[in-house]
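S.K.: Here it is, the structure, as structure tokens.
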Amino acid sequence: MEVMRYADGPSCEEHVTVVAPPGRVWELVTDINVAARFSTEFAGAEWLDPGPAIGARFVGRNEHPALGGWETTSVITTFEPLREFAWAVTDAEHPSSTWWYVFDDVGDGTVVVHHGGRMGPAPSGLSIAIEAMPDKEERIVARRLDEWRANIGATLAGIKALAEVSA
């Protein structure tokens, strides 16, 4: 069994095939507020710079029953239209997490893979829980990845529904 440690940068991913024009799917993925319609945690964001574009920053708001509410500043690190969209939380060079979408054209649709938050390497709110209970680190990380996976899946299902309705 693989040991899951924060320092190893654990992550998760989900994917969906969307039968809609790739441009419409891209438009939804790069709208930083679409996920707030489907996620139980992400509550929305505001651009600090004109975006989406490489280097553009946005402030995201999150809410969690156990953690309360918080804001983070993220920076767009990859912006390749119809191919990949990524951002780093807190710092592009030393993020507390990294998130990204990758597109794959499959003829009659687009496979969208949402990679959810590779943890670290910089500390995050999760680091506080790990420091308080180091013997439970694997359980804390696994539970957090499960939460991320559920929200990523809900967001992708929402994007699929919005794109296919308008297709």
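Letters for chains follow the order of the structure tokens (A, B, ...), residue numbers begin at 1 for each chain, and ligand numbers begin at 1 in the order shown.
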Determine, using only C-alpha atoms, which residues of region 97-141 of chain A have any atom at most 12 Å from an atom of region 29-33 of chain A, and tabulate each with its shortest atom pair and distance in Å to one decimal place, rows ordered by chain and then rising number, as CSV.
M.R.:
residue,atom,partner,partner_atom,distance
A:Trp99,CA,A:Val29,CA,11.9
A:Trp100,CA,A:Val29,CA,9.7
A:Tyr101,CA,A:Val29,CA,7.6
A:Val102,CA,A:Val29,CA,9.9
A:Phe103,CA,A:Val29,CA,10.1
A:Val112,CA,A:Val29,CA,9.1
A:Val113,CA,A:Val29,CA,10.7
A:His114,CA,A:Val29,CA,9.5
S.K.: Got time to write the residues from that selection, C-alpha atoms, as a JSON list (two decimals), in the first residue's frame?
M.R.:
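Output contents, as saved in selection-v4.json:
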[["chain", "number", "residue", "atom", "x", "y", "z"],
["A", 99, "TRP", "CA", -4.96, 22.79, -10.45],
["A", 100, "TRP", "CA", -5.34, 22.20, -14.18],
["A", 101, "TYR", "CA", -7.58, 21.10, -17.03],
["A", 102, "VAL", "CA", -6.36, 19.23, -20.11],
["A", 103, "PHE", "CA", -8.40, 18.83, -23.31],
["A", 112, "VAL", "CA", -11.75, 17.10, -20.33],
["A", 113, "VAL", "CA", -9.45, 15.95, -17.56],
["A", 114, "HIS", "CA", -9.50, 18.04, -14.41]]
S.K.: If we count only C-alpha atoms, what is near region 8-12 of chain A at a cut-off of 10 Å, once residues fewer than 2 positions away on the same chain are taken out, given as a list in words?
M.R.: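 Counting only the stated atoms, we get Val3, Met4, Arg5, Tyr6, Glu14, Ser96, Ser97, Thr98, Trp99, His114, His115, Gly116, Gly117, Arg118, Met119, Gly120, Pro121, Ala122, Val141, Ala142, Arg144, Leu145, Asp146, Trp148, Arg149 and Ile152 of chain A.
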S.K.: Keeping only C-alpha atoms, write the selected residues as a tab-separated table (two decimals), in the first residue's frame.
M.R.:
chain	number	residue	atom	x	y	z
A	3	VAL	CA	1.94	5.89	1.78
A	4	MET	CA	0.20	9.21	1.12
A	5	ARG	CA	2.21	12.15	2.49
A	6	TYR	CA	1.61	15.84	1.84
A	14	GLU	CA	-11.48	13.10	-12.91
A	96	SER	CA	0.23	25.42	-1.85
A	97	SER	CA	-1.63	23.54	-4.59
A	98	THR	CA	-1.83	23.37	-8.37
A	99	TRP	CA	-4.96	22.79	-10.45
A	114	HIS	CA	-9.50	18.04	-14.41
A	115	HIS	CA	-6.43	17.45	-12.28
A	116	GLY	CA	-7.28	18.42	-8.78
A	117	GLY	CA	-4.99	20.16	-6.66
A	118	ARG	CA	-1.64	18.62	-6.49
A	119	MET	CA	-0.89	19.38	-2.85
A	120	GLY	CA	2.10	21.48	-1.98
A	121	PRO	CA	4.94	21.90	-1.91
A	122	ALA	CA	4.17	25.05	0.12
A	141	VAL	CA	-4.58	13.65	3.07
A	142	ALA	CA	-6.80	10.81	1.81
A	144	ARG	CA	-9.00	15.80	1.55
A	145	LEU	CA	-8.35	14.13	-1.80
A	146	ASP	CA	-11.79	12.47	-1.57
A	148	TRP	CA	-11.46	17.35	-3.98
A	149	ARG	CA	-12.41	14.38	-6.19
A	152	ILE	CA	-14.03	18.02	-9.35
S.K.: Contacts of Thr40 (chain A) at 12 Å or less, counting only C-alpha atoms, minus same-chain residues fewer than 5 places along, as a PyMOL selection string?
M.R.: chain A and resi 35+61-65+147-155
S.K.: Just asking: which residues within chain A are strand (DSSP E) according to DSSP, as a ChimeraX atom specification?
M.R.: /A:12-18,42-47,57-64,68-80,84-89,97-105,110-119
S.K.: Could you check which of A:Ala43, A:Leu67, A:Ala53, A:Val111 is closest to Ile159 (chain A), using only C-alpha atoms?
M.R.: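 Nearest to Ile159 (chain A): A:Val111.
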S.K.: Which one is closest to His15 (chain A): A:Glu46, A:Ala157, A:Thr72, A:His94? Count only C-alpha atoms.
M.R.: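 The closest residue to His15 (chain A) is A:Ala157.
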S.K.: Would you compute the distance between CA of Thr77 (chain A) and CA of Val18 (chain A)? Give it in Å to one decimal.
M.R.: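 Computing it gives 24.3 Å between the two atoms.
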S.K.: With distances taken over only C-alpha atoms, which of A:Gly60, A:Gly55, A:Pro123, A:Gly109 is nearest to Ala86 (chain A)?
M.R.: A:Gly55
S.K.: Could you write out, as a PyMOL selection string, all the residues of chain A that DSSP marks as alpha helix (DSSP H)?
M.R.: chain A and resi 22-29+125-132+137-166
S.K.: Find the residue from A:Leu48, A:Pro21, A:Val34, A:Ile140 that sits nearest to Ser127 (chain A); use only C-alpha atoms when measuring.
M.R.: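 Of the candidates, the smallest distance to Ser127 (chain A) is held by A:Ile140.
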S.K.: Please indicate the distance in Å from CA of Pro134 (chain A) to CA of Ala7 (chain A), rounded to one decimal place.
M.R.: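 It comes out at 12.4 Å.
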